[in-house]
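To keep things clear, I will list the structure first and then write my remarks on it.
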Amino acid sequence: TTRRTRTNKNKHVKKKLINLVALTLVLNATTTIAQESYNRFSIDLGGGITKPYRQQGLATGIYYPNINLGLRYMSNTKFGFKIGGQYNQFKSASGVSAAKEFDSRLMAFNVEGVINMGRALQFEEWAKRFTILVHAGPGYTLLNSNIDKSIKDQALNLNMGITGMIRLSDRISINADMSNMIHIMQSKALDAKSPITSSGFDGGFMSFSVGVSVYLGKSKTHADWHVPVNPLKRQLDSLALVVKANEEKVDSLSGKLTGVEEKINTLETSLET
């Protein structure tokens, strides 16, 4: 009976050792997940063309340049926001009559929310270097004429767009953006010459640009491209590896306990005789 009791205690000790190893690993895995880091800031720069389509006045063609610059912050791998601005020029062709001549400058400033669709939809399963950002948000627009300096207009705007990105390295990506900006409370058309002919949403234009995103920070990767490991999968995989690695050690310790138990049994047998 005494020997059986010691054997059961030996098995109980072995079980406790395995449980202790498992608990230690779970705590370590959780700590590793909490310490998982990636860069969150980026500078986004682009240039391209603009196509007015609403309340454009005489500005009915395709115009350049469109220059945009923004500072983006990603709260995590899927969601973030950016503060940005853009500059657009709408200018008539040379040689037109004075009645049709225009030359306007538009500057817009926006705060936008950003969704990384590549991480949200798990693009990394089939395209590790490609992602899509969707952005939208309100802003403020200044419009003035470069011909008649006294003509100045201002309006509220809403900008919406989609950006395709290709990662070149951990520090830089190229991007192609298509955005749509609409205005309210605008008193002059986009040519800064013609009057607004209707109320509600006023001047609107599409912009198409290509550019680069430069990633800032000390970590290796940016949130745009960081792929979080499923916490449960990480823990289970780590548990399997560590338990396997320590199995021999646990068995060795168990063997030592068995040896001690045999010596005790031998000693008890000698005392009984």
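Every chain in the structure tokens takes a letter, A first, then B, and so on in the order presented; its residues are numbered from 1, and the ligands are numbered from 1 following the presented order.
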
Using only C-alpha atoms, which protein or nucleic acid residues come within 8 Å of Phe109 of chain A? Drop anything in the same chain fewer than 3 positions from it, and give the result as a ChimeraX atom specification.
/A:83-86,139-141

Give me the residues near segment 212-219 of chain A as a list in words, where near means some atom within 10 Å (using only C-alpha atoms) and where sequence neighbours in that chain fewer than 6 positions away do not count.
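My list of contacting residues is Glu36, Ser37, Tyr38, Asn39, Arg40, Phe41, Ser42, Ile43, Asp44, Leu45, Gly46, Gly47, Leu69, Gly70, Leu71, Arg72, Met165, Ile166, Arg167, Leu168, Ser169, Asp170, Arg171, Ile172, Ser173, Ile174, Asn175 and Ala176 of chain A.
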
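Minimum distance to Phe79 of chain A across A:Arg54, A:Lys193, A:Arg119, A:His226 (counting only C-alpha atoms) occurs at A:Arg119.
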
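With only C-alpha atoms as the atoms that count, the residue of A:Ile67, A:Ala59, A:Leu156, A:Ala223 with the shortest distance to Asp103 of chain A is A:Ala59.
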
Record the distance separating atom CA of Leu143 of chain A and atom CA of Ala192 of chain A, expressed in Å with one decimal.
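Answer for the atom CA of Leu143 of chain A to atom CA of Ala192 of chain A separation: 6.8 Å.
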
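Residue nearest Gly61 of chain A within the list A:Leu190, A:Gly118, A:Asn180, A:Leu267: A:Leu190 [criterion: smallest interatomic distance, only C-alpha atoms].
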
Run DSSP on the backbone of this structure and report the residues of segment 82-246 of chain A it assigns to helix (DSSP H, G or I), as a list of chain:residue names.
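In segment 82-246 of chain A, DSSP puts these residues in helix (DSSP H, G or I): A:Ala98, A:Ala99, A:Lys100, A:Met117, A:Gly118, A:Arg119, A:Ala120, A:Phe123, A:Glu124, A:Glu125, A:Pro231, A:Leu232, A:Lys233, A:Arg234, A:Gln235, A:Leu236, A:Asp237, A:Ser238, A:Leu239, A:Ala240, A:Leu241, A:Val242, A:Val243, A:Lys244, A:Ala245, A:Asn246.
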
Using only C-alpha atoms, which of A:His135, A:Arg129, A:Lys188, A:Lys100 sits nearest Gln154 of chain A?
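Among A:His135, A:Arg129, A:Lys188, A:Lys100, it is A:Lys188 that comes nearest to Gln154 of chain A.
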